[in-house]
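With compact mmCIF, C-alpha atoms inside, this is query.txt:
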```txt
# COMPACT_ATOMS: atom_id res chain seq x y z
CA MET A 1 -25.17 -33.53 6.28
CA ASN A 2 -26.23 -30.81 8.65
CA GLN A 3 -23.09 -29.68 10.44
CA THR A 4 -25.04 -27.70 13.03
CA THR A 5 -26.19 -30.96 14.60
CA LEU A 6 -22.69 -32.36 15.11
CA ALA A 7 -21.59 -32.49 18.73
CA PRO A 8 -18.65 -30.15 19.39
CA ARG A 9 -15.34 -31.83 20.10
CA PRO A 10 -13.35 -30.44 23.04
CA ILE A 11 -9.79 -29.33 22.40
CA SER A 12 -6.78 -29.95 24.63
CA ALA A 13 -5.50 -27.52 27.26
CA GLU A 14 -2.39 -27.12 25.12
CA ALA A 15 -4.50 -26.02 22.17
CA VAL A 16 -6.35 -23.53 24.40
CA HIS A 17 -2.99 -22.14 25.53
CA ALA A 18 -1.81 -21.91 21.91
CA ASN A 19 -5.01 -20.05 21.01
CA GLU A 20 -4.38 -17.56 23.81
CA ASN A 21 -0.89 -16.95 22.40
CA ARG A 22 -2.33 -16.36 18.94
CA LYS A 23 -4.75 -13.79 20.33
CA PHE A 24 -1.95 -12.12 22.25
CA GLY A 25 0.09 -11.92 19.04
CA MET A 26 -2.88 -10.44 17.19
CA TRP A 27 -3.30 -7.71 19.79
CA LEU A 28 0.40 -6.85 19.47
CA PHE A 29 0.00 -6.69 15.68
CA LEU A 30 -3.08 -4.45 15.98
CA SER A 31 -1.32 -2.08 18.37
CA SER A 32 1.49 -1.63 15.82
CA GLU A 33 -1.11 -1.10 13.09
CA LEU A 34 -2.73 1.56 15.26
CA LEU A 35 0.53 3.48 15.36
CA ILE A 36 0.87 3.24 11.57
CA PHE A 37 -2.60 4.71 11.09
CA ALA A 38 -1.99 7.36 13.76
CA GLY A 39 1.00 8.49 11.70
CA LEU A 40 -0.99 8.46 8.45
CA ILE A 41 -3.94 10.38 9.93
CA GLY A 42 -1.51 12.83 11.53
CA ALA A 43 0.21 13.32 8.16
CA PHE A 44 -3.14 13.98 6.50
CA VAL A 45 -4.13 16.59 9.08
CA LEU A 46 -0.70 18.25 8.89
CA THR A 47 -0.79 18.35 5.08
CA ARG A 48 -4.25 19.91 5.20
CA ARG A 49 -3.18 22.53 7.72
CA THR A 50 -0.08 23.40 5.67
CA ALA A 51 -2.19 23.65 2.51
CA PHE A 52 -4.61 26.07 4.20
CA GLN A 53 -1.77 28.17 5.62
CA ASN A 54 -0.17 28.44 2.18
CA GLY A 55 -3.43 29.12 0.36
CA LEU A 56 -3.26 25.89 -1.64
CA GLU A 57 -6.33 24.23 -3.10
CA TRP A 58 -8.02 21.65 -0.86
CA TRP A 59 -10.95 19.38 -1.51
CA GLU A 60 -14.26 19.83 0.26
CA PRO A 61 -16.76 16.94 0.00
CA ASN A 62 -19.99 17.84 -1.80
CA ALA A 63 -23.41 16.45 -0.82
CA PHE A 64 -22.99 13.38 -3.05
CA SER A 65 -19.52 12.56 -1.70
CA LEU A 66 -20.74 12.94 1.87
CA ALA A 67 -23.78 10.74 1.20
CA LEU A 68 -21.63 8.11 -0.52
CA VAL A 69 -19.07 7.95 2.27
CA SER A 70 -21.82 7.96 4.94
CA VAL A 71 -23.42 4.93 3.29
CA ASN A 72 -19.98 3.32 3.08
CA THR A 73 -19.49 3.95 6.80
CA PHE A 74 -22.85 2.35 7.54
CA ILE A 75 -21.85 -0.66 5.38
CA LEU A 76 -18.60 -1.14 7.30
CA LEU A 77 -20.37 -0.81 10.67
CA ALA A 78 -22.93 -3.38 9.50
CA SER A 79 -20.15 -5.74 8.40
CA SER A 80 -18.67 -5.53 11.90
CA LEU A 81 -22.05 -6.47 13.33
CA MET A 82 -22.13 -9.51 11.00
CA VAL A 83 -18.78 -10.68 12.38
CA VAL A 84 -19.99 -10.28 15.96
CA LEU A 85 -23.17 -12.24 15.18
CA GLY A 86 -21.09 -14.92 13.44
CA ILE A 87 -18.93 -15.36 16.54
CA GLU A 88 -22.06 -15.42 18.72
CA ALA A 89 -23.39 -18.20 16.44
CA ILE A 90 -20.30 -20.39 16.65
CA ARG A 91 -20.25 -19.99 20.45
CA VAL A 92 -23.47 -22.00 20.45
CA ASN A 93 -22.07 -24.28 17.75
CA ASP A 94 -24.31 -22.98 14.96
CA GLN A 95 -21.98 -23.45 12.02
CA ARG A 96 -24.58 -22.68 9.38
CA LYS A 97 -25.21 -19.23 10.86
CA LEU A 98 -21.47 -18.62 11.15
CA ARG A 99 -21.04 -19.32 7.42
CA ARG A 100 -24.01 -17.11 6.57
CA TYR A 101 -22.63 -14.17 8.57
CA LEU A 102 -19.16 -14.62 7.07
CA ILE A 103 -20.67 -14.49 3.56
CA LEU A 104 -22.53 -11.29 4.50
CA THR A 105 -19.32 -9.81 5.93
CA ALA A 106 -17.43 -10.50 2.70
CA ILE A 107 -20.26 -9.03 0.61
CA LEU A 108 -20.43 -5.87 2.75
CA GLY A 109 -16.63 -5.54 2.63
CA ALA A 110 -16.72 -5.82 -1.17
CA MET A 111 -19.52 -3.22 -1.27
CA PHE A 112 -17.36 -0.85 0.78
CA LEU A 113 -14.52 -1.29 -1.69
CA GLY A 114 -16.94 -0.69 -4.57
CA GLY A 115 -18.07 2.56 -2.95
CA GLN A 116 -14.46 3.59 -2.50
CA ALA A 117 -13.77 2.82 -6.18
CA VAL A 118 -16.69 5.08 -7.21
CA GLU A 119 -15.35 7.84 -4.95
CA TYR A 120 -11.82 7.50 -6.38
CA SER A 121 -13.08 7.59 -9.96
CA LEU A 122 -15.04 10.79 -9.24
CA LEU A 123 -12.04 12.43 -7.58
CA ILE A 124 -9.58 11.41 -10.29
CA PHE A 125 -11.60 11.65 -13.50
CA GLU A 126 -14.14 14.38 -12.68
CA GLU A 127 -12.30 16.58 -10.20
CA GLY A 128 -8.80 15.96 -11.56
CA HIS A 129 -7.08 15.06 -8.30
CA SER A 130 -3.95 12.95 -8.28
CA PHE A 131 -0.94 12.12 -6.14
CA ALA A 132 0.67 15.27 -7.54
CA ASP A 133 -1.48 17.68 -5.50
CA PRO A 134 -1.28 17.97 -1.68
CA PHE A 135 -4.84 16.77 -1.12
CA GLY A 136 -4.50 13.81 -3.46
CA SER A 137 -1.24 12.61 -1.96
CA ALA A 138 -2.57 12.77 1.62
CA PHE A 139 -6.05 11.45 0.81
CA PHE A 140 -5.15 8.57 -1.50
CA THR A 141 -2.34 7.40 0.79
CA LEU A 142 -4.52 7.32 3.90
CA THR A 143 -7.75 5.95 2.42
CA GLY A 144 -5.86 3.71 0.00
CA ILE A 145 -3.94 1.96 2.77
CA HIS A 146 -7.18 1.58 4.70
CA GLY A 147 -8.85 0.19 1.57
CA LEU A 148 -5.98 -2.26 1.19
CA HIS A 149 -6.69 -3.43 4.74
CA VAL A 150 -10.36 -3.93 3.86
CA PHE A 151 -9.32 -5.91 0.76
CA VAL A 152 -7.05 -8.13 2.86
CA GLY A 153 -9.93 -8.49 5.34
CA VAL A 154 -12.31 -9.66 2.59
CA ILE A 155 -9.77 -12.27 1.41
CA TRP A 156 -9.22 -13.36 5.03
CA CYS A 157 -12.99 -13.59 5.52
CA LEU A 158 -13.32 -15.85 2.45
CA VAL A 159 -10.47 -18.07 3.67
CA THR A 160 -12.14 -18.30 7.10
CA LEU A 161 -15.39 -19.16 5.33
CA MET A 162 -13.69 -21.99 3.42
CA VAL A 163 -12.28 -23.38 6.67
CA ALA A 164 -15.72 -23.03 8.28
CA ARG A 165 -17.27 -25.03 5.41
CA ARG A 166 -15.09 -27.98 6.43
CA GLY A 167 -16.70 -27.87 9.87
CA THR A 168 -13.44 -27.03 11.62
CA PHE A 169 -14.94 -24.53 14.05
CA SER A 170 -17.09 -25.37 17.04
CA SER A 171 -18.13 -23.90 20.38
CA TYR A 172 -14.82 -25.27 21.71
CA ASN A 173 -12.64 -24.05 18.89
CA TYR A 174 -13.31 -20.69 17.26
CA THR A 175 -10.22 -18.62 18.03
CA THR A 176 -9.40 -18.43 14.30
CA VAL A 177 -12.76 -16.71 13.72
CA GLU A 178 -12.17 -14.45 16.72
CA ILE A 179 -8.76 -13.38 15.40
CA PHE A 180 -10.23 -12.57 12.00
CA GLY A 181 -12.97 -10.65 13.87
CA LEU A 182 -10.37 -8.61 15.77
CA TYR A 183 -8.74 -7.60 12.49
CA TRP A 184 -12.07 -6.70 10.88
CA HIS A 185 -13.26 -4.64 13.85
CA PHE A 186 -9.92 -2.85 13.92
CA VAL A 187 -10.34 -1.86 10.26
CA ASP A 188 -13.83 -0.61 11.17
CA LEU A 189 -12.48 1.31 14.19
CA ILE A 190 -9.87 3.05 12.02
CA TRP A 191 -12.51 3.99 9.45
CA VAL A 192 -14.62 5.62 12.19
CA ILE A 193 -11.70 8.00 12.85
CA ILE A 194 -10.82 8.50 9.15
CA PHE A 195 -14.46 9.32 8.34
CA THR A 196 -14.54 12.10 10.92
CA VAL A 197 -11.08 13.52 10.31
CA VAL A 198 -11.06 13.41 6.50
CA TYR A 199 -14.68 14.10 5.60
CA LEU A 200 -16.28 15.98 8.48
CA THR A 201 -13.60 18.27 9.95
CA ASN A 202 -12.65 20.01 6.70
CA MET B 203 -3.28 -32.67 32.62
CA ALA B 204 -1.88 -31.14 29.48
CA ASN B 205 -4.18 -33.09 27.16
CA THR B 206 -7.33 -32.84 29.28
CA PRO B 207 -10.18 -31.64 27.06
CA VAL B 208 -11.35 -28.17 28.06
CA PRO B 209 -13.81 -25.72 26.52
CA HIS B 210 -12.72 -22.63 24.64
CA GLY B 211 -10.52 -20.48 26.86
CA ASP B 212 -12.85 -17.58 27.50
CA ALA B 213 -16.23 -19.10 26.72
CA GLU B 214 -17.52 -18.48 30.23
CA ALA B 215 -16.46 -14.88 30.24
CA HIS B 216 -18.45 -14.26 27.04
CA ARG B 217 -21.78 -15.39 28.39
CA LYS B 218 -23.27 -11.99 29.28
CA HIS B 219 -22.33 -9.81 26.35
CA THR B 220 -24.01 -6.50 25.62
CA ASN B 221 -26.42 -6.87 22.72
CA PRO B 222 -24.31 -6.21 19.56
CA VAL B 223 -27.35 -4.88 17.70
CA LEU B 224 -27.75 -2.23 20.41
CA VAL B 225 -24.10 -1.21 19.98
CA PHE B 226 -24.62 -1.07 16.20
CA GLY B 227 -27.66 1.17 16.74
CA ILE B 228 -25.66 3.55 18.94
CA LEU B 229 -22.83 3.66 16.39
CA THR B 230 -25.27 4.40 13.56
CA ILE B 231 -27.06 7.16 15.51
CA ALA B 232 -23.71 8.70 16.48
CA THR B 233 -22.64 8.68 12.81
CA ILE B 234 -25.90 10.37 11.74
CA PHE B 235 -25.40 12.92 14.53
CA GLU B 236 -21.89 13.67 13.24
CA VAL B 237 -23.10 14.23 9.68
CA VAL B 238 -26.05 16.39 10.80
CA VAL B 239 -23.83 18.55 13.05
CA THR B 240 -21.63 19.44 10.05
CA LEU B 241 -24.66 20.83 8.22
CA PHE B 242 -25.01 23.64 10.80
CA HIS B 243 -21.67 25.22 9.79
CA LEU B 244 -20.62 25.91 13.38
CA PRO B 245 -17.25 27.59 14.07
CA GLN B 246 -14.29 25.27 13.50
CA ASN B 247 -13.07 25.52 17.12
CA VAL B 248 -16.50 24.32 18.30
CA ILE B 249 -17.30 21.61 15.78
CA VAL B 250 -13.91 19.87 15.57
CA PRO B 251 -13.68 18.94 19.29
CA ILE B 252 -17.31 17.70 19.22
CA LEU B 253 -16.76 15.57 16.11
CA LEU B 254 -13.46 14.14 17.36
CA ALA B 255 -14.97 13.35 20.76
CA VAL B 256 -17.88 11.50 19.14
CA ALA B 257 -15.48 9.63 16.81
CA PHE B 258 -13.28 8.49 19.70
CA VAL B 259 -16.33 7.39 21.70
CA LYS B 260 -17.47 5.36 18.67
CA ALA B 261 -14.00 3.84 18.32
CA GLY B 262 -14.05 3.05 22.04
CA LEU B 263 -17.41 1.28 21.66
CA VAL B 264 -16.04 -0.84 18.80
CA ALA B 265 -12.97 -1.76 20.86
CA ALA B 266 -14.89 -2.43 24.08
CA TYR B 267 -17.90 -4.36 22.75
CA TYR B 268 -17.05 -5.65 19.26
CA MET B 269 -13.41 -6.46 19.98
CA HIS B 270 -14.51 -7.62 23.45
CA LEU B 271 -11.83 -5.65 25.29
CA ARG B 272 -14.33 -5.10 28.09
CA TYR B 273 -14.49 -8.84 28.72
CA GLU B 274 -10.91 -9.77 27.89
CA LYS B 275 -7.74 -9.98 29.97
CA TRP B 276 -6.35 -6.65 31.16
CA ILE B 277 -3.12 -7.25 29.25
CA TYR B 278 -4.92 -6.97 25.88
CA THR B 279 -6.41 -3.65 27.00
CA ALA B 280 -2.99 -2.43 28.12
CA ILE B 281 -1.41 -3.44 24.80
CA PHE B 282 -4.07 -1.61 22.79
CA ILE B 283 -4.70 1.42 25.02
CA THR B 284 -1.06 2.52 25.13
CA PRO B 285 -0.70 3.32 21.39
CA ALA B 286 -4.38 4.42 21.31
CA LEU B 287 -3.70 7.18 23.85
CA PHE B 288 -0.77 8.33 21.76
CA ALA B 289 -2.95 8.29 18.64
CA VAL B 290 -5.74 10.30 20.32
CA PHE B 291 -3.20 12.85 21.60
CA LEU B 292 -1.56 13.16 18.18
CA ILE B 293 -4.80 13.57 16.23
CA PHE B 294 -6.34 16.02 18.74
CA THR B 295 -3.16 18.12 18.83
CA LEU B 296 -2.83 18.31 15.07
CA ALA B 297 -6.51 18.78 14.31
CA MET B 298 -7.14 21.60 16.79
```
Please express the file's structure as structure tokens.
Amino acid sequence: MNQTTLAPRPISAEAVHANENRKFGMWLFLSSELLIFAGLIGAFVLTRRTAFQNGLEWWEPNAFSLALVSVNTFILLASSLMVVLGIEAIRVNDQRKLRRYLILTAILGAMFLGGQAVEYSLLIFEEGHSFADPFGSAFFTLTGIHGLHVFVGVIWCLVTLMVARRGTFSSYNYTTVEIFGLYWHFVDLIWVIIFTVVYLTN
Amino acid sequence: MANTPVPHGDAEAHRKHTNPVLVFGILTIATIFEVVVTLFHLPQNVIVPILLAVAFVKAGLVAAYYMHLRYEKWIYTAIFITPALFAVFLIFTLAM
């Protein structure tokens, strides 16, 4: 059965109101998340400054690290685009395209995590960094918590995909996808700042 | 009235969105610009403000066009901008 041909079913005004409340709640959640990451980025910058002032060793990304993280940044930006295109698709009731873009989002999110795993293994096993040194503690805490957010986002994306496969979403009812999209874009937005602060302003 | 079928709450408002592929292109070019600028080894007090400014513009583009803040209710913008201004102030102050 081709779900893209099904006529969308309108939802009640109460459901629309409930969806607005869910979005409002999501924005409140994201604003609190923003403060958490502001604190973490601030802590990273402060730790780096203190390390420089005290002559302690600090990591500087080499060409490979910079290339790897640049590709990872591109992957996360592309995943955000997939979410936007997925929402555009469901607005015109194209459920097949929505599912396709959600699959691509999950794949790109997993690729980002894979890139981060490669970076961590290089830092830990080849360069000998750990939570014990100032750089390691600041870097792994900040990027690790961001990575955890990406991981949660990938799981959330897969759950949204499973719901989408049941044909739940339509041009009348896609707030659940929008809320997932808000979370995913927020994770992307935070990475844009982390990328600059951690890797480029050393 | 409560159970009258209505379309998605903000479907009308979303009709004329900026092309997301265009926004993606701008974000990618800005990222390449950031990486290339670091290769010139400019003085720290010159390069850091440039890089941070570009990063915050990129973050603003994501919030405005991908998170649709530009088309949403003002209250969502107010909720998000308030801690964002604090975050920008904190990061700029510490990084400079």
- Please identify every residue of chain A that has at least one atom no more than 6 Å from any atom of chain B, counting only C-alpha atoms, and report them as JSON, numbers by chain. {"A": [10, 11, 12, 13, 14, 16, 31, 38, 42, 172, 173, 182, 189, 193, 201]}
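As for atom CA of Ala15 of chain A and atom CA of His185 of chain A, they are spaced 24.6 Å apart.
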- Around the point (-20.0, 6.7, -2.3), in the coordinates given by the file, pick out the residues reaching within 6 Å, counting all atoms listed in the file, and return them as a ChimeraX atom specification. /A:65,68-69,115,119
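Between Leu85 of chain A and the residues A:Arg48, A:Val177, A:Lys23, A:Ile145, the shortest atom-to-atom distance, using all atoms listed in the file, involves A:Val177.
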- Measure the distance from atom CA of His243 of chain B to atom CA of Gln116 of chain A in Å and round it to one decimal. 25.9 Å
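Reported to one decimal place, the separation of atom CA of Phe135 of chain A from atom CA of Gly55 of chain A is 12.5 Å.
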